[in-house]
Amino acid sequence: MTFDPSQHVGKTVVIRGTAYDARAGAIVELEDRTPIYIAGLSEWDPALHSKPLEVTGLLKERPARVPPVPAGGPQLHGLTSPTFVLENATWTVLS
């Protein structure tokens with residue numbers, strides 16, 4: 001069964017995924033490729049990059065960080081849709 005983050009917002013969760021760095025910060029990529037950001041972590045320690053992790057934290061949904069651009073308006077950079085983030089995250093490497 002696939003983990004649906006939207007069903008667990010506001011709860012402490014335990015997720016399993018792979019550690020990657022994204023432009024907006026460190027993520028754990030779930031099996032279905034859903035990224036879950038780690039609050040306060042801009043990048044993983046190189047020793048953890050691409051490693052399977054089990055991460056525990058409080059799951060929040062973060063609103064888009066860039067306002068919608070009107071038709072013909074200038075291109076803006078940032079996260080244009082809501083994202084999921086784990087606050088107070090702790091993790092362990094899975095073997």
# chains A, B, ... in the order shown; residues from 1 in each chain; ligands from 1

call {"tool": "residues_around", "arguments": {"residues": "Gly57 (chain A)", "least_positions_apart": "6", "cutoff": "8 Å", "atoms": "only C-alpha atoms", "output": "ChimeraX atom specification"}}
result
/A:12-14,86-90

call {"tool": "write_last_selection", "arguments": {"atoms": "N, CA, C and O atoms", "output": "tab-separated table (two decimals), in the first residue's frame"}}
result
chain	number	residue	atom	x	y	z
A	12	THR	N	2.60	12.81	13.51
A	12	THR	CA	3.96	12.28	13.50
A	12	THR	C	3.95	11.00	12.68
A	12	THR	O	3.10	10.12	12.92
A	13	VAL	N	4.83	10.92	11.70
A	13	VAL	CA	4.86	9.77	10.79
A	13	VAL	C	6.26	9.18	10.74
A	13	VAL	O	7.25	9.85	11.08
A	14	VAL	N	6.34	7.95	10.29
A	14	VAL	CA	7.59	7.28	9.98
A	14	VAL	C	7.52	6.91	8.51
A	14	VAL	O	6.60	6.21	8.09
A	86	LEU	N	8.75	17.48	6.65
A	86	LEU	CA	8.82	16.88	7.98
A	86	LEU	C	9.56	17.82	8.91
A	86	LEU	O	10.69	18.21	8.64
A	87	GLU	N	8.90	18.18	10.00
A	87	GLU	CA	9.52	19.03	11.02
A	87	GLU	C	10.06	18.15	12.14
A	87	GLU	O	9.53	17.08	12.40
A	88	ASN	N	11.12	18.64	12.79
A	88	ASN	CA	11.76	17.91	13.90
A	88	ASN	C	12.13	16.48	13.49
A	88	ASN	O	11.92	15.53	14.24
A	89	ALA	N	12.64	16.35	12.28
A	89	ALA	CA	12.94	15.03	11.72
A	89	ALA	C	14.17	14.39	12.33
A	89	ALA	O	15.16	15.07	12.63
A	90	THR	N	14.09	13.09	12.51
A	90	THR	CA	15.23	12.26	12.88
A	90	THR	C	15.27	11.12	11.88
A	90	THR	O	14.23	10.72	11.36

call {"tool": "select_by_dssp", "arguments": {"residues": "region 34-64 of chain A", "states": "strand (DSSP E)", "output": "list of chain:residue names"}}
result
A:Pro35, A:Ile36, A:Tyr37, A:Ile38, A:Pro52, A:Leu53, A:Glu54, A:Val55, A:Thr56, A:Gly57, A:Leu58, A:Leu59, A:Lys60, A:Glu61, A:Arg62

call {"tool": "write_last_selection", "arguments": {"atoms": "all heavy atoms", "output": "short mmCIF file (atom, residue, chain, number, x, y, z; two decimals), in the first residue's frame"}}
result
data_model
loop_
_atom_site.label_atom_id
_atom_site.label_comp_id
_atom_site.auth_asym_id
_atom_site.auth_seq_id
_atom_site.Cartn_x
_atom_site.Cartn_y
_atom_site.Cartn_z
N PRO A 35 8.33 13.64 -3.24
CA PRO A 35 9.37 14.20 -2.38
C PRO A 35 8.79 14.72 -1.07
O PRO A 35 7.76 15.39 -1.05
CB PRO A 35 9.92 15.36 -3.22
CG PRO A 35 8.74 15.82 -4.02
CD PRO A 35 7.92 14.56 -4.29
N ILE A 36 9.45 14.40 0.02
CA ILE A 36 9.10 14.94 1.33
C ILE A 36 10.33 15.73 1.80
O ILE A 36 11.41 15.16 1.97
CB ILE A 36 8.77 13.83 2.36
CG1 ILE A 36 7.71 12.86 1.83
CG2 ILE A 36 8.37 14.45 3.70
CD1 ILE A 36 6.32 13.42 1.68
N TYR A 37 10.16 17.03 1.97
CA TYR A 37 11.28 17.88 2.39
C TYR A 37 11.55 17.73 3.87
O TYR A 37 10.64 17.43 4.65
CB TYR A 37 10.97 19.36 2.06
CG TYR A 37 11.08 19.64 0.59
CD1 TYR A 37 10.01 19.42 -0.26
CD2 TYR A 37 12.27 20.10 0.05
CE1 TYR A 37 10.11 19.65 -1.62
CE2 TYR A 37 12.39 20.34 -1.31
CZ TYR A 37 11.30 20.11 -2.14
OH TYR A 37 11.42 20.33 -3.48
N ILE A 38 12.79 17.94 4.26
CA ILE A 38 13.20 17.89 5.66
C ILE A 38 13.40 19.34 6.11
O ILE A 38 14.30 20.03 5.62
CB ILE A 38 14.51 17.08 5.84
CG1 ILE A 38 14.39 15.69 5.21
CG2 ILE A 38 14.89 17.03 7.31
CD1 ILE A 38 13.28 14.83 5.79
N PRO A 52 19.07 4.67 1.45
CA PRO A 52 17.72 4.44 1.96
C PRO A 52 17.65 4.84 3.43
O PRO A 52 18.54 4.48 4.21
CB PRO A 52 17.51 2.94 1.77
CG PRO A 52 18.88 2.36 1.77
CD PRO A 52 19.80 3.43 1.23
N LEU A 53 16.61 5.60 3.78
CA LEU A 53 16.46 6.09 5.15
C LEU A 53 15.08 5.77 5.70
O LEU A 53 14.12 5.63 4.94
CB LEU A 53 16.62 7.62 5.20
CG LEU A 53 17.91 8.25 4.74
CD1 LEU A 53 17.80 9.76 4.83
CD2 LEU A 53 19.08 7.75 5.55
N GLU A 54 15.01 5.73 7.02
CA GLU A 54 13.74 5.74 7.72
C GLU A 54 13.74 7.06 8.49
O GLU A 54 14.67 7.33 9.26
CB GLU A 54 13.62 4.56 8.67
CG GLU A 54 12.28 4.55 9.40
CD GLU A 54 12.11 3.29 10.22
OE1 GLU A 54 11.60 2.30 9.67
OE2 GLU A 54 12.51 3.32 11.40
N VAL A 55 12.72 7.88 8.26
CA VAL A 55 12.68 9.22 8.83
C VAL A 55 11.39 9.38 9.63
O VAL A 55 10.31 9.02 9.16
CB VAL A 55 12.75 10.30 7.74
CG1 VAL A 55 12.84 11.68 8.35
CG2 VAL A 55 13.94 10.05 6.82
N THR A 56 11.52 9.93 10.83
CA THR A 56 10.38 10.21 11.70
C THR A 56 10.28 11.72 11.89
O THR A 56 11.30 12.39 12.08
CB THR A 56 10.57 9.55 13.08
OG1 THR A 56 10.74 8.14 12.88
CG2 THR A 56 9.38 9.79 13.98
N GLY A 57 9.06 12.25 11.81
CA GLY A 57 8.88 13.68 12.04
C GLY A 57 7.42 14.07 11.93
O GLY A 57 6.56 13.24 11.59
N LEU A 58 7.14 15.32 12.21
CA LEU A 58 5.79 15.87 12.13
C LEU A 58 5.55 16.32 10.70
O LEU A 58 6.25 17.22 10.21
CB LEU A 58 5.63 17.04 13.11
CG LEU A 58 4.29 17.73 13.12
CD1 LEU A 58 3.17 16.77 13.53
CD2 LEU A 58 4.32 18.94 14.04
N LEU A 59 4.57 15.72 10.03
CA LEU A 59 4.30 16.02 8.62
C LEU A 59 3.42 17.25 8.50
O LEU A 59 2.35 17.33 9.11
CB LEU A 59 3.63 14.82 7.96
CG LEU A 59 3.39 14.95 6.46
CD1 LEU A 59 4.72 15.01 5.70
CD2 LEU A 59 2.56 13.78 5.96
N LYS A 60 3.89 18.20 7.71
CA LYS A 60 3.15 19.44 7.44
C LYS A 60 3.03 19.62 5.94
O LYS A 60 3.85 19.10 5.18
CB LYS A 60 3.87 20.66 8.03
CG LYS A 60 4.05 20.64 9.53
CD LYS A 60 2.75 20.97 10.22
CE LYS A 60 2.91 21.11 11.71
NZ LYS A 60 2.76 22.42 12.22
N GLU A 61 2.02 20.36 5.53
CA GLU A 61 1.91 20.75 4.12
C GLU A 61 2.28 22.22 4.04
O GLU A 61 1.70 23.05 4.74
CB GLU A 61 0.50 20.51 3.58
CG GLU A 61 0.42 20.73 2.10
CD GLU A 61 -0.90 20.28 1.50
OE1 GLU A 61 -1.82 19.91 2.25
OE2 GLU A 61 -1.01 20.30 0.27
N ARG A 62 3.25 22.52 3.22
CA ARG A 62 3.77 23.88 3.09
C ARG A 62 3.16 24.49 1.83
O ARG A 62 3.18 23.87 0.76
CB ARG A 62 5.29 23.79 2.98
CG ARG A 62 6.02 25.08 2.94
CD ARG A 62 7.51 24.89 3.14
NE ARG A 62 8.11 23.93 2.23
CZ ARG A 62 9.35 23.46 2.34
NH1 ARG A 62 10.11 23.83 3.34
NH2 ARG A 62 9.84 22.61 1.47
#

call {"tool": "atom_distance", "arguments": {"atom1": "CA of Ser6 (chain A)", "atom2": "CA of Pro82 (chain A)"}}
result
10.7 Å

call {"tool": "residues_around", "arguments": {"residues": "Leu41 (chain A)", "least_positions_apart": "6", "cutoff": "9 Å", "atoms": "only C-alpha atoms", "output": "PyMOL selection string"}}
result
chain A and resi 25-27

call {"tool": "write_last_selection", "arguments": {"atoms": "C-alpha atoms", "output": "mmCIF file, in the first residue's frame"}}
result
data_model
loop_
_atom_site.group_PDB
_atom_site.id
_atom_site.type_symbol
_atom_site.label_atom_id
_atom_site.label_comp_id
_atom_site.auth_asym_id
_atom_site.auth_seq_id
_atom_site.Cartn_x
_atom_site.Cartn_y
_atom_site.Cartn_z
ATOM 1 C CA GLY A 25 16.367 21.532 0.195
ATOM 2 C CA ALA A 26 16.992 17.982 1.351
ATOM 3 C CA ILE A 27 14.258 15.471 0.532
#

call {"tool": "closest_residue", "arguments": {"among": "A:Ser42, A:Val85, A:Asp32, A:Gly72", "to": "Asp4 (chain A)", "atoms": "only C-alpha atoms"}}
result
A:Asp32

call {"tool": "decode", "arguments": {"residues": "region 22-54 of chain A", "atoms": "N, CA, C and O atoms", "output": "CSV table (one decimal), in the first residue's frame"}}
result
chain,number,residue,atom,x,y,z
A,22,ALA,N,17.4,18.4,-3.3
A,22,ALA,CA,16.6,19.1,-4.4
A,22,ALA,C,17.0,20.6,-4.3
A,22,ALA,O,17.7,21.1,-3.3
A,23,ARG,N,16.6,21.4,-5.3
A,23,ARG,CA,16.9,22.8,-5.3
A,23,ARG,C,16.4,23.5,-4.0
A,23,ARG,O,17.0,24.5,-3.5
A,24,ALA,N,15.2,23.1,-3.5
A,24,ALA,CA,14.6,23.7,-2.4
A,24,ALA,C,15.0,23.1,-1.0
A,24,ALA,O,14.5,23.5,0.0
A,25,GLY,N,15.9,22.1,-1.0
A,25,GLY,CA,16.4,21.5,0.2
A,25,GLY,C,16.5,20.0,0.1
A,25,GLY,O,16.2,19.4,-0.9
A,26,ALA,N,16.8,19.4,1.2
A,26,ALA,CA,17.0,18.0,1.4
A,26,ALA,C,15.6,17.3,1.3
A,26,ALA,O,14.7,17.8,2.0
A,27,ILE,N,15.5,16.2,0.6
A,27,ILE,CA,14.3,15.5,0.5
A,27,ILE,C,14.5,14.0,0.8
A,27,ILE,O,15.6,13.5,0.7
A,28,VAL,N,13.4,13.3,1.2
A,28,VAL,CA,13.3,11.9,1.2
A,28,VAL,C,12.3,11.6,0.0
A,28,VAL,O,11.2,12.0,0.1
A,29,GLU,N,12.8,10.8,-1.0
A,29,GLU,CA,11.9,10.5,-2.1
A,29,GLU,C,11.3,9.1,-1.8
A,29,GLU,O,12.0,8.1,-1.5
A,30,LEU,N,9.9,9.1,-1.7
A,30,LEU,CA,9.2,7.9,-1.4
A,30,LEU,C,9.3,7.0,-2.7
A,30,LEU,O,9.7,7.4,-3.7
A,31,GLU,N,8.8,5.8,-2.5
A,31,GLU,CA,8.9,4.8,-3.5
A,31,GLU,C,8.1,5.2,-4.8
A,31,GLU,O,8.5,4.9,-5.9
A,32,ASP,N,7.0,6.0,-4.6
A,32,ASP,CA,6.3,6.5,-5.7
A,32,ASP,C,6.8,7.8,-6.3
A,32,ASP,O,6.2,8.5,-7.1
A,33,ARG,N,8.0,8.2,-5.8
A,33,ARG,CA,8.7,9.4,-6.3
A,33,ARG,C,8.2,10.7,-5.6
A,33,ARG,O,8.6,11.8,-6.0
A,34,THR,N,7.3,10.6,-4.7
A,34,THR,CA,6.9,11.8,-4.0
A,34,THR,C,8.0,12.3,-3.1
A,34,THR,O,8.5,11.6,-2.3
A,35,PRO,N,8.3,13.6,-3.2
A,35,PRO,CA,9.4,14.2,-2.4
A,35,PRO,C,8.8,14.7,-1.1
A,35,PRO,O,7.8,15.4,-1.1
A,36,ILE,N,9.4,14.4,0.0
A,36,ILE,CA,9.1,14.9,1.3
A,36,ILE,C,10.3,15.7,1.8
A,36,ILE,O,11.4,15.2,2.0
A,37,TYR,N,10.2,17.0,2.0
A,37,TYR,CA,11.3,17.9,2.4
A,37,TYR,C,11.5,17.7,3.9
A,37,TYR,O,10.6,17.4,4.7
A,38,ILE,N,12.8,17.9,4.3
A,38,ILE,CA,13.2,17.9,5.7
A,38,ILE,C,13.4,19.3,6.1
A,38,ILE,O,14.3,20.0,5.6
A,39,ALA,N,12.5,19.8,7.0
A,39,ALA,CA,12.6,21.2,7.5
A,39,ALA,C,14.0,21.5,8.1
A,39,ALA,O,14.5,20.8,8.8
A,40,GLY,N,14.5,22.7,7.6
A,40,GLY,CA,15.8,23.2,8.2
A,40,GLY,C,17.0,22.5,7.6
A,40,GLY,O,18.1,22.8,8.1
A,41,LEU,N,16.9,21.6,6.6
A,41,LEU,CA,18.0,20.9,6.1
A,41,LEU,C,18.2,21.3,4.6
A,41,LEU,O,17.3,20.9,3.8
A,42,SER,N,19.2,22.0,4.3
A,42,SER,CA,19.4,22.4,2.9
A,42,SER,C,19.9,21.3,2.0
A,42,SER,O,19.7,21.3,0.8
A,43,GLU,N,20.7,20.4,2.6
A,43,GLU,CA,21.3,19.3,1.9
A,43,GLU,C,21.7,18.2,2.8
A,43,GLU,O,22.0,18.5,4.0
A,44,TRP,N,21.8,17.0,2.3
A,44,TRP,CA,22.2,15.8,3.1
A,44,TRP,C,23.7,15.8,3.2
A,44,TRP,O,24.4,16.3,2.3
A,45,ASP,N,24.2,15.3,4.3
A,45,ASP,CA,25.6,15.0,4.4
A,45,ASP,C,25.9,14.1,3.2
A,45,ASP,O,25.2,13.1,2.9
A,46,PRO,N,27.0,14.3,2.5
A,46,PRO,CA,27.4,13.5,1.3
A,46,PRO,C,27.3,12.0,1.6
A,46,PRO,O,27.0,11.2,0.7
A,47,ALA,N,27.7,11.5,2.8
A,47,ALA,CA,27.6,10.1,3.2
A,47,ALA,C,26.2,9.5,3.1
A,47,ALA,O,26.1,8.3,3.1
A,48,LEU,N,25.2,10.4,3.2
A,48,LEU,CA,23.8,9.9,3.3
A,48,LEU,C,23.1,10.0,1.9
A,48,LEU,O,22.1,9.4,1.7
A,49,HIS,N,23.7,10.8,1.0
A,49,HIS,CA,23.1,11.0,-0.3
A,49,HIS,C,22.9,9.6,-1.0
A,49,HIS,O,23.8,8.8,-1.1
A,50,SER,N,21.7,9.5,-1.5
A,50,SER,CA,21.2,8.3,-2.3
A,50,SER,C,21.1,7.1,-1.4
A,50,SER,O,20.9,5.9,-1.9
A,51,LYS,N,21.1,7.2,-0.1
A,51,LYS,CA,21.0,6.1,0.8
A,51,LYS,C,19.5,5.9,1.2
A,51,LYS,O,18.8,6.9,1.3
A,52,PRO,N,19.1,4.7,1.5
A,52,PRO,CA,17.7,4.4,2.0
A,52,PRO,C,17.7,4.8,3.4
A,52,PRO,O,18.5,4.5,4.2
A,53,LEU,N,16.6,5.6,3.8
A,53,LEU,CA,16.5,6.1,5.1
A,53,LEU,C,15.1,5.8,5.7
A,53,LEU,O,14.1,5.6,4.9
A,54,GLU,N,15.0,5.7,7.0
A,54,GLU,CA,13.7,5.7,7.7
A,54,GLU,C,13.7,7.1,8.5
A,54,GLU,O,14.7,7.3,9.3
